[in-house]
$ cat run-v4.cif   # mmCIF, N, CA and C atoms
data_model
loop_
_atom_site.label_atom_id
_atom_site.label_comp_id
_atom_site.auth_asym_id
_atom_site.auth_seq_id
_atom_site.Cartn_x
_atom_site.Cartn_y
_atom_site.Cartn_z
N MET L 18 159.26 105.05 122.69
CA MET L 18 159.69 104.34 121.51
C MET L 18 158.87 103.08 121.32
N ILE L 19 158.66 102.36 122.42
CA ILE L 19 157.90 101.12 122.34
C ILE L 19 156.44 101.45 122.01
N LYS L 20 155.95 102.56 122.52
CA LYS L 20 154.57 102.96 122.23
C LYS L 20 154.41 103.27 120.75
N LYS L 21 155.44 103.91 120.15
CA LYS L 21 155.39 104.23 118.73
C LYS L 21 155.37 102.95 117.90
N MET L 22 156.20 101.98 118.27
CA MET L 22 156.26 100.72 117.54
C MET L 22 154.95 99.95 117.69
N ARG L 23 154.39 99.99 118.88
CA ARG L 23 153.15 99.29 119.13
C ARG L 23 152.03 99.93 118.29
N GLY L 24 151.99 101.24 118.20
CA GLY L 24 150.97 101.95 117.42
C GLY L 24 151.13 101.67 115.93
N SER L 25 152.36 101.66 115.42
CA SER L 25 152.56 101.40 113.99
C SER L 25 152.28 99.95 113.65
N SER L 26 152.62 99.02 114.55
CA SER L 26 152.32 97.61 114.28
C SER L 26 150.81 97.37 114.34
N LEU L 27 150.12 98.07 115.23
CA LEU L 27 148.67 97.97 115.31
C LEU L 27 148.04 98.50 114.03
N ALA L 28 148.55 99.59 113.50
CA ALA L 28 148.04 100.16 112.25
C ALA L 28 148.32 99.21 111.09
N ALA L 29 149.47 98.58 111.06
CA ALA L 29 149.81 97.64 109.99
C ALA L 29 148.89 96.43 110.04
N VAL L 30 148.63 95.92 111.23
CA VAL L 30 147.74 94.77 111.37
C VAL L 30 146.32 95.12 110.92
N SER L 31 145.84 96.30 111.30
CA SER L 31 144.48 96.69 110.92
C SER L 31 144.37 96.90 109.41
N CYS L 32 145.41 97.47 108.77
CA CYS L 32 145.42 97.64 107.32
C CYS L 32 145.42 96.28 106.63
N THR L 33 146.18 95.33 107.16
CA THR L 33 146.22 93.99 106.58
C THR L 33 144.86 93.31 106.68
N VAL L 34 144.21 93.46 107.83
CA VAL L 34 142.89 92.86 108.03
C VAL L 34 141.88 93.46 107.06
N MET L 35 141.92 94.78 106.87
CA MET L 35 140.98 95.42 105.94
C MET L 35 141.27 94.99 104.50
N ALA L 36 142.54 94.85 104.14
CA ALA L 36 142.88 94.42 102.79
C ALA L 36 142.40 93.00 102.54
N LEU L 37 142.54 92.13 103.51
CA LEU L 37 142.08 90.75 103.36
C LEU L 37 140.55 90.67 103.33
N ALA L 38 139.89 91.56 104.06
CA ALA L 38 138.43 91.59 104.03
C ALA L 38 137.93 91.97 102.64
N GLY L 39 138.66 92.84 101.96
CA GLY L 39 138.29 93.22 100.60
C GLY L 39 138.48 92.09 99.62
N CYS L 40 139.36 91.17 99.90
CA CYS L 40 139.62 90.03 99.01
C CYS L 40 138.66 88.88 99.25
N GLN L 41 137.76 89.03 100.18
CA GLN L 41 136.87 87.93 100.53
C GLN L 41 135.99 87.53 99.35
N SER L 42 135.57 88.50 98.52
CA SER L 42 134.71 88.16 97.39
C SER L 42 135.46 87.37 96.32
N ILE L 43 136.77 87.43 96.31
CA ILE L 43 137.56 86.69 95.33
C ILE L 43 137.70 85.24 95.74
N LEU L 44 137.77 85.00 97.03
CA LEU L 44 137.95 83.65 97.54
C LEU L 44 136.69 82.82 97.27
N PRO L 45 136.84 81.52 97.02
CA PRO L 45 135.67 80.69 96.72
C PRO L 45 134.77 80.55 97.95
N GLY L 46 133.47 80.53 97.73
CA GLY L 46 132.51 80.39 98.82
C GLY L 46 132.04 78.96 98.93
N ASP L 47 130.91 78.77 99.62
CA ASP L 47 130.36 77.44 99.83
C ASP L 47 129.61 76.92 98.62
N GLY L 48 128.97 77.81 97.86
CA GLY L 48 128.14 77.39 96.73
C GLY L 48 128.97 77.13 95.49
N PRO L 49 128.28 76.87 94.37
CA PRO L 49 129.00 76.64 93.11
C PRO L 49 129.68 77.92 92.64
N SER L 50 130.74 77.76 91.92
CA SER L 50 131.49 78.92 91.46
C SER L 50 130.72 79.66 90.38
N ARG L 51 131.09 80.90 90.17
CA ARG L 51 130.44 81.70 89.14
C ARG L 51 130.74 81.14 87.76
N LEU L 52 131.90 80.53 87.62
CA LEU L 52 132.27 79.95 86.34
C LEU L 52 131.35 78.77 86.01
N ALA L 53 130.99 78.00 87.03
CA ALA L 53 130.10 76.86 86.80
C ALA L 53 128.68 77.31 86.52
N LEU L 54 128.27 78.50 87.00
CA LEU L 54 126.91 78.99 86.82
C LEU L 54 126.70 79.71 85.50
N ARG L 55 127.76 80.08 84.81
CA ARG L 55 127.59 80.84 83.57
C ARG L 55 126.99 79.96 82.49
N GLN L 56 126.31 80.60 81.55
CA GLN L 56 125.71 79.84 80.47
C GLN L 56 126.76 79.50 79.43
N ILE L 57 126.62 78.34 78.87
CA ILE L 57 127.56 77.91 77.83
C ILE L 57 127.12 78.56 76.53
N PRO L 58 128.01 79.26 75.87
CA PRO L 58 127.61 79.93 74.63
C PRO L 58 127.29 78.92 73.53
N VAL L 59 126.34 79.30 72.68
CA VAL L 59 125.96 78.45 71.56
C VAL L 59 126.94 78.73 70.43
N VAL L 60 127.57 77.69 69.95
CA VAL L 60 128.54 77.84 68.87
C VAL L 60 127.84 77.50 67.57
N ALA L 61 127.79 78.46 66.68
CA ALA L 61 127.18 78.24 65.38
C ALA L 61 128.14 78.73 64.31
N SER L 62 128.19 78.04 63.24
CA SER L 62 129.09 78.42 62.16
C SER L 62 128.54 79.65 61.46
N SER L 63 129.37 80.64 61.27
CA SER L 63 128.93 81.86 60.62
C SER L 63 129.25 81.87 59.14
N GLY L 64 129.96 80.90 58.67
CA GLY L 64 130.35 80.89 57.28
C GLY L 64 131.65 81.64 57.04
N GLN L 65 132.20 82.22 58.08
CA GLN L 65 133.46 82.96 57.98
C GLN L 65 134.60 81.96 57.81
N ARG L 66 135.44 82.19 56.84
CA ARG L 66 136.57 81.28 56.63
C ARG L 66 137.63 81.52 57.69
N LEU L 67 138.23 80.45 58.12
CA LEU L 67 139.23 80.51 59.17
C LEU L 67 140.61 80.30 58.57
N GLY L 68 141.57 80.90 59.22
CA GLY L 68 142.96 80.74 58.80
C GLY L 68 143.53 79.45 59.35
N PRO L 69 144.81 79.18 59.06
CA PRO L 69 145.44 77.95 59.55
C PRO L 69 145.55 77.89 61.07
N ASP L 70 145.50 79.05 61.72
CA ASP L 70 145.59 79.07 63.18
C ASP L 70 144.22 78.93 63.85
N GLY L 71 143.14 78.88 63.06
CA GLY L 71 141.80 78.69 63.62
C GLY L 71 141.04 79.99 63.83
N TYR L 72 141.68 81.12 63.64
CA TYR L 72 141.02 82.40 63.80
C TYR L 72 140.43 82.85 62.47
N PRO L 73 139.34 83.66 62.51
CA PRO L 73 138.75 84.12 61.25
C PRO L 73 139.72 85.01 60.48
N LEU L 74 139.65 84.92 59.20
CA LEU L 74 140.47 85.78 58.35
C LEU L 74 139.80 87.14 58.25
N LEU L 75 140.47 88.17 58.73
CA LEU L 75 139.90 89.51 58.72
C LEU L 75 139.82 90.02 57.29
N GLY L 76 138.69 90.62 56.95
CA GLY L 76 138.49 91.15 55.62
C GLY L 76 138.09 90.10 54.61
N ASP L 77 138.05 88.85 54.99
CA ASP L 77 137.66 87.78 54.08
C ASP L 77 136.23 87.39 54.43
N TYR L 78 135.30 87.95 53.71
CA TYR L 78 133.88 87.73 54.01
C TYR L 78 133.41 86.41 53.44
N PRO L 79 132.37 85.84 54.05
CA PRO L 79 131.86 84.57 53.54
C PRO L 79 131.32 84.73 52.11
N ASN L 80 131.45 83.70 51.34
CA ASN L 80 130.99 83.78 49.96
C ASN L 80 129.59 83.20 49.79
N ALA L 81 129.01 82.65 50.85
CA ALA L 81 127.65 82.13 50.78
C ALA L 81 127.00 82.32 52.15
N ALA L 82 125.68 82.44 52.14
CA ALA L 82 124.94 82.59 53.40
C ALA L 82 124.88 81.26 54.12
N THR L 83 124.73 81.32 55.40
CA THR L 83 124.58 80.08 56.16
C THR L 83 123.21 79.50 55.91
N ALA L 84 123.01 78.28 56.26
CA ALA L 84 121.74 77.60 56.01
C ALA L 84 120.63 78.27 56.79
N GLN L 85 119.50 78.51 56.12
CA GLN L 85 118.34 79.13 56.75
C GLN L 85 117.30 78.06 57.05
N ILE L 86 116.29 78.43 57.81
CA ILE L 86 115.22 77.49 58.13
C ILE L 86 114.41 77.23 56.86
N ASP L 87 113.97 76.00 56.69
CA ASP L 87 113.25 75.67 55.46
C ASP L 87 111.80 76.14 55.53
N THR L 88 111.16 76.28 54.40
CA THR L 88 109.81 76.82 54.29
C THR L 88 108.79 75.93 54.99
N ALA L 89 108.97 74.63 54.92
CA ALA L 89 108.03 73.70 55.56
C ALA L 89 108.01 73.91 57.08
N SER L 90 109.17 74.13 57.67
CA SER L 90 109.23 74.38 59.12
C SER L 90 108.54 75.68 59.47
N VAL L 91 108.72 76.70 58.64
CA VAL L 91 108.07 78.00 58.89
C VAL L 91 106.56 77.84 58.81
N GLU L 92 106.07 77.16 57.81
CA GLU L 92 104.62 76.97 57.66
C GLU L 92 104.05 76.15 58.81
N ALA L 93 104.79 75.13 59.24
CA ALA L 93 104.32 74.31 60.38
C ALA L 93 104.23 75.16 61.65
N ALA L 94 105.22 76.01 61.88
CA ALA L 94 105.20 76.87 63.06
C ALA L 94 104.05 77.87 62.98
N LYS L 95 103.80 78.42 61.78
CA LYS L 95 102.70 79.37 61.61
C LYS L 95 101.35 78.71 61.90
N SER L 96 101.15 77.51 61.35
CA SER L 96 99.87 76.83 61.57
C SER L 96 99.69 76.46 63.03
N GLU L 97 100.77 76.09 63.70
CA GLU L 97 100.70 75.76 65.13
C GLU L 97 100.31 76.99 65.95
N LEU L 98 100.90 78.14 65.61
CA LEU L 98 100.58 79.37 66.33
C LEU L 98 99.15 79.83 66.04
N LYS L 99 98.69 79.65 64.80
CA LYS L 99 97.31 80.03 64.47
C LYS L 99 96.32 79.15 65.24
N ALA L 100 96.61 77.87 65.33
CA ALA L 100 95.72 76.97 66.07
C ALA L 100 95.69 77.33 67.55
N ALA L 101 96.84 77.67 68.10
CA ALA L 101 96.90 78.07 69.52
C ALA L 101 96.12 79.36 69.73
N GLY L 102 96.23 80.30 68.80
CA GLY L 102 95.48 81.56 68.91
C GLY L 102 93.99 81.34 68.83
N ALA L 103 93.54 80.47 67.91
CA ALA L 103 92.11 80.17 67.79
C ALA L 103 91.59 79.51 69.06
N SER L 104 92.38 78.62 69.63
CA SER L 104 91.99 77.95 70.87
C SER L 104 91.84 78.96 72.01
N ARG L 105 92.78 79.88 72.09
CA ARG L 105 92.71 80.89 73.15
C ARG L 105 91.50 81.80 72.96
N ARG L 106 91.20 82.16 71.71
CA ARG L 106 90.04 83.02 71.46
C ARG L 106 88.76 82.30 71.85
N ALA L 107 88.66 81.00 71.55
CA ALA L 107 87.47 80.22 71.91
C ALA L 107 87.34 80.13 73.42
N ASP L 108 88.45 79.91 74.11
CA ASP L 108 88.42 79.87 75.58
C ASP L 108 88.00 81.21 76.15
N ALA L 109 88.50 82.28 75.56
CA ALA L 109 88.15 83.62 76.05
C ALA L 109 86.67 83.91 75.83
N ALA L 110 86.11 83.47 74.70
CA ALA L 110 84.69 83.70 74.42
C ALA L 110 83.82 82.94 75.41
N SER L 111 84.16 81.67 75.70
CA SER L 111 83.35 80.90 76.64
C SER L 111 83.50 81.46 78.05
N THR L 112 84.68 81.91 78.39
CA THR L 112 84.90 82.51 79.70
C THR L 112 84.13 83.81 79.82
N ASP L 113 84.07 84.58 78.74
CA ASP L 113 83.35 85.85 78.75
C ASP L 113 81.86 85.60 78.92
N ALA L 114 81.31 84.58 78.24
CA ALA L 114 79.88 84.28 78.38
C ALA L 114 79.56 83.83 79.81
N ALA L 115 80.42 82.99 80.37
CA ALA L 115 80.20 82.54 81.75
C ALA L 115 80.28 83.71 82.73
N TYR L 116 81.20 84.62 82.46
CA TYR L 116 81.36 85.79 83.33
C TYR L 116 80.11 86.66 83.26
N ARG L 117 79.61 86.89 82.05
CA ARG L 117 78.43 87.75 81.91
C ARG L 117 77.20 87.11 82.56
N SER L 118 77.03 85.79 82.46
CA SER L 118 75.88 85.15 83.10
C SER L 118 76.01 85.22 84.62
N LYS L 119 77.19 85.01 85.13
CA LYS L 119 77.40 85.11 86.59
C LYS L 119 77.16 86.54 87.07
N LEU L 120 77.59 87.51 86.25
CA LEU L 120 77.38 88.91 86.60
C LEU L 120 75.89 89.24 86.64
N ALA L 121 75.11 88.75 85.67
CA ALA L 121 73.66 88.98 85.66
C ALA L 121 73.00 88.34 86.89
N GLU L 122 73.47 87.14 87.25
CA GLU L 122 72.93 86.48 88.44
C GLU L 122 73.21 87.29 89.70
N MET L 123 74.43 87.79 89.81
CA MET L 123 74.78 88.59 90.99
C MET L 123 73.99 89.91 91.04
N GLU L 124 73.74 90.50 89.87
CA GLU L 124 72.95 91.74 89.82
C GLU L 124 71.51 91.47 90.30
N SER L 125 70.94 90.33 89.91
CA SER L 125 69.57 90.02 90.35
C SER L 125 69.54 89.76 91.86
N ILE L 126 70.59 89.11 92.38
CA ILE L 126 70.66 88.89 93.83
C ILE L 126 70.77 90.22 94.55
N LYS L 127 71.58 91.12 94.00
CA LYS L 127 71.74 92.45 94.62
C LYS L 127 70.42 93.21 94.63
N ALA L 128 69.67 93.14 93.53
CA ALA L 128 68.38 93.85 93.47
C ALA L 128 67.40 93.26 94.48
N GLY L 129 67.38 91.92 94.61
CA GLY L 129 66.50 91.28 95.59
C GLY L 129 66.86 91.66 97.02
N GLN L 130 68.15 91.70 97.31
CA GLN L 130 68.58 92.09 98.66
C GLN L 130 68.26 93.55 98.93
N ARG L 131 68.40 94.39 97.91
CA ARG L 131 68.08 95.81 98.08
C ARG L 131 66.58 95.98 98.40
N ARG L 132 65.71 95.22 97.69
CA ARG L 132 64.27 95.29 97.98
C ARG L 132 63.97 94.79 99.40
N ALA L 133 64.63 93.69 99.80
CA ALA L 133 64.38 93.13 101.13
C ALA L 133 64.82 94.11 102.23
N VAL L 134 65.94 94.78 102.02
CA VAL L 134 66.41 95.75 103.02
C VAL L 134 65.48 96.95 103.06
N ALA L 135 65.01 97.40 101.90
CA ALA L 135 64.10 98.55 101.87
C ALA L 135 62.79 98.21 102.58
N GLU L 136 62.29 96.98 102.38
CA GLU L 136 61.05 96.57 103.05
C GLU L 136 61.25 96.46 104.55
N ALA L 137 62.40 95.95 104.98
CA ALA L 137 62.66 95.78 106.41
C ALA L 137 62.89 97.13 107.09
N ALA L 138 63.48 98.07 106.37
CA ALA L 138 63.79 99.37 106.97
C ALA L 138 62.62 100.34 106.92
N ALA L 139 61.64 100.05 106.08
CA ALA L 139 60.49 100.96 105.94
C ALA L 139 59.64 100.91 107.21
N PRO L 140 59.11 102.05 107.61
CA PRO L 140 58.24 102.04 108.80
C PRO L 140 56.94 101.31 108.46
N PRO L 141 56.35 100.66 109.45
CA PRO L 141 55.11 99.92 109.18
C PRO L 141 53.99 100.88 108.79
N ALA L 142 53.19 100.43 107.84
CA ALA L 142 52.06 101.27 107.41
C ALA L 142 51.01 101.28 108.51
N GLU L 143 50.53 102.49 108.83
CA GLU L 143 49.54 102.63 109.90
C GLU L 143 48.17 102.90 109.28
N SER L 144 47.23 102.25 109.81
CA SER L 144 45.86 102.53 109.37
C SER L 144 45.37 103.77 110.10
N PRO L 145 44.46 104.50 109.52
CA PRO L 145 43.96 105.70 110.19
C PRO L 145 43.27 105.36 111.50
N LYS L 146 42.70 104.17 111.60
CA LYS L 146 42.02 103.77 112.82
C LYS L 146 43.01 103.51 113.95
N ALA L 147 44.25 103.12 113.59
CA ALA L 147 45.23 102.77 114.60
C ALA L 147 45.89 104.00 115.22
N ARG L 148 45.72 105.13 114.59
CA ARG L 148 46.33 106.35 115.13
C ARG L 148 45.64 106.77 116.41
N VAL L 149 46.47 107.15 117.32
CA VAL L 149 45.94 107.57 118.61
C VAL L 149 46.19 109.06 118.76
N SER L 150 45.22 109.71 119.20
CA SER L 150 45.37 111.14 119.42
C SER L 150 46.23 111.34 120.66
N GLY L 151 47.22 112.23 120.54
CA GLY L 151 48.10 112.47 121.67
C GLY L 151 47.44 113.26 122.78
N SER L 152 46.26 113.83 122.52
CA SER L 152 45.61 114.66 123.53
C SER L 152 44.68 113.86 124.43
N ASP L 153 44.34 112.65 124.02
CA ASP L 153 43.40 111.84 124.81
C ASP L 153 44.17 110.74 125.54
N PRO L 154 44.47 110.90 126.85
CA PRO L 154 45.24 109.91 127.58
C PRO L 154 44.53 108.57 127.71
N ASP L 155 43.21 108.57 127.76
CA ASP L 155 42.48 107.30 127.87
C ASP L 155 42.65 106.47 126.59
N ALA L 156 42.67 107.13 125.43
CA ALA L 156 42.83 106.41 124.17
C ALA L 156 44.24 105.81 124.07
N VAL L 157 45.20 106.54 124.59
CA VAL L 157 46.58 106.03 124.58
C VAL L 157 46.68 104.81 125.48
N LEU L 158 46.03 104.87 126.63
CA LEU L 158 46.06 103.74 127.56
C LEU L 158 45.37 102.52 126.96
N ARG L 159 44.24 102.74 126.31
CA ARG L 159 43.54 101.63 125.67
C ARG L 159 44.40 101.02 124.54
N GLU L 160 45.11 101.89 123.81
CA GLU L 160 45.97 101.41 122.74
C GLU L 160 47.09 100.52 123.30
N ILE L 161 47.68 100.95 124.42
CA ILE L 161 48.77 100.20 125.04
C ILE L 161 48.25 98.87 125.55
N GLU L 162 47.09 98.87 126.11
CA GLU L 162 46.55 97.64 126.67
C GLU L 162 45.91 96.75 125.59
N GLY L 163 45.78 97.26 124.41
CA GLY L 163 45.22 96.47 123.31
C GLY L 163 43.72 96.35 123.36
N GLN L 164 43.02 97.29 123.91
CA GLN L 164 41.57 97.23 124.04
C GLN L 164 40.85 98.01 122.98
N ARG L 165 41.42 98.44 122.06
CA ARG L 165 40.81 99.30 121.05
C ARG L 165 39.80 98.62 120.29
#

$ encode --input "run-v4.cif" --output "structure tokens"
Amino acid sequence: MIKKMRGSSLAAVSCTVMALAGCQSILPGDGPSRLALRQIPVVASSGQRLGPDGYPLLGDYPNAATAQIDTASVEAAKSELKAAGASRRADAASTDAAYRSKLAEMESIKAGQRRAVAEAAAPPAESPKARVSGSDPDAVLREIEGQR
């Protein structure tokens, strides 16, 4: 009987611990709360008429459009964007010219290094007089000793 009670109380305690572990995300942590991190919505008038309780009147559409941006502001923004685009195109053109000149310089360096490697790897040119006949051991000996 006591073993049964001990087993059921152990099961109840473990269920309680698991239930509380699931509630851990609800409890506040060390950092700022999620409510403090949320963005504050932008409140803008829609032109919708409100009732005496402050809520919009359903089915009662606005009788005029809300204020739009003025033409001068639009033209100023357009000219600002055009100037920024022209500046970027000029920067891109100068960067492209610098890139192409650097690329041409690197290509000339590569060609010079390729010629230098080919010259270094090429076998030395032999004069016909310097050739030694393999059948004459005395000529080979003279060649080695430099008496030719």

$ atom_distance --input "run-v4.cif" --atom1 "CA of Val157 in chain L" --atom2 "CA of Ala138 in chain L"
25.5 Å

$ atom_distance --input "run-v4.cif" --atom1 "CA of Tyr78 in chain L" --atom2 "CA of Gln65 in chain L"
6.2 Å

$ atom_distance --input "run-v4.cif" --atom1 "atom N of Pro141 in chain L" --atom2 "atom N of Glu124 in chain L"
28.1 Å

$ select_by_dssp --input "run-v4.cif" --residues "range 61-163 of chain L" --states "helix (DSSP H, G or I)" --output "PyMOL selection string"
chain L and resi 88-138+145-147+154-162
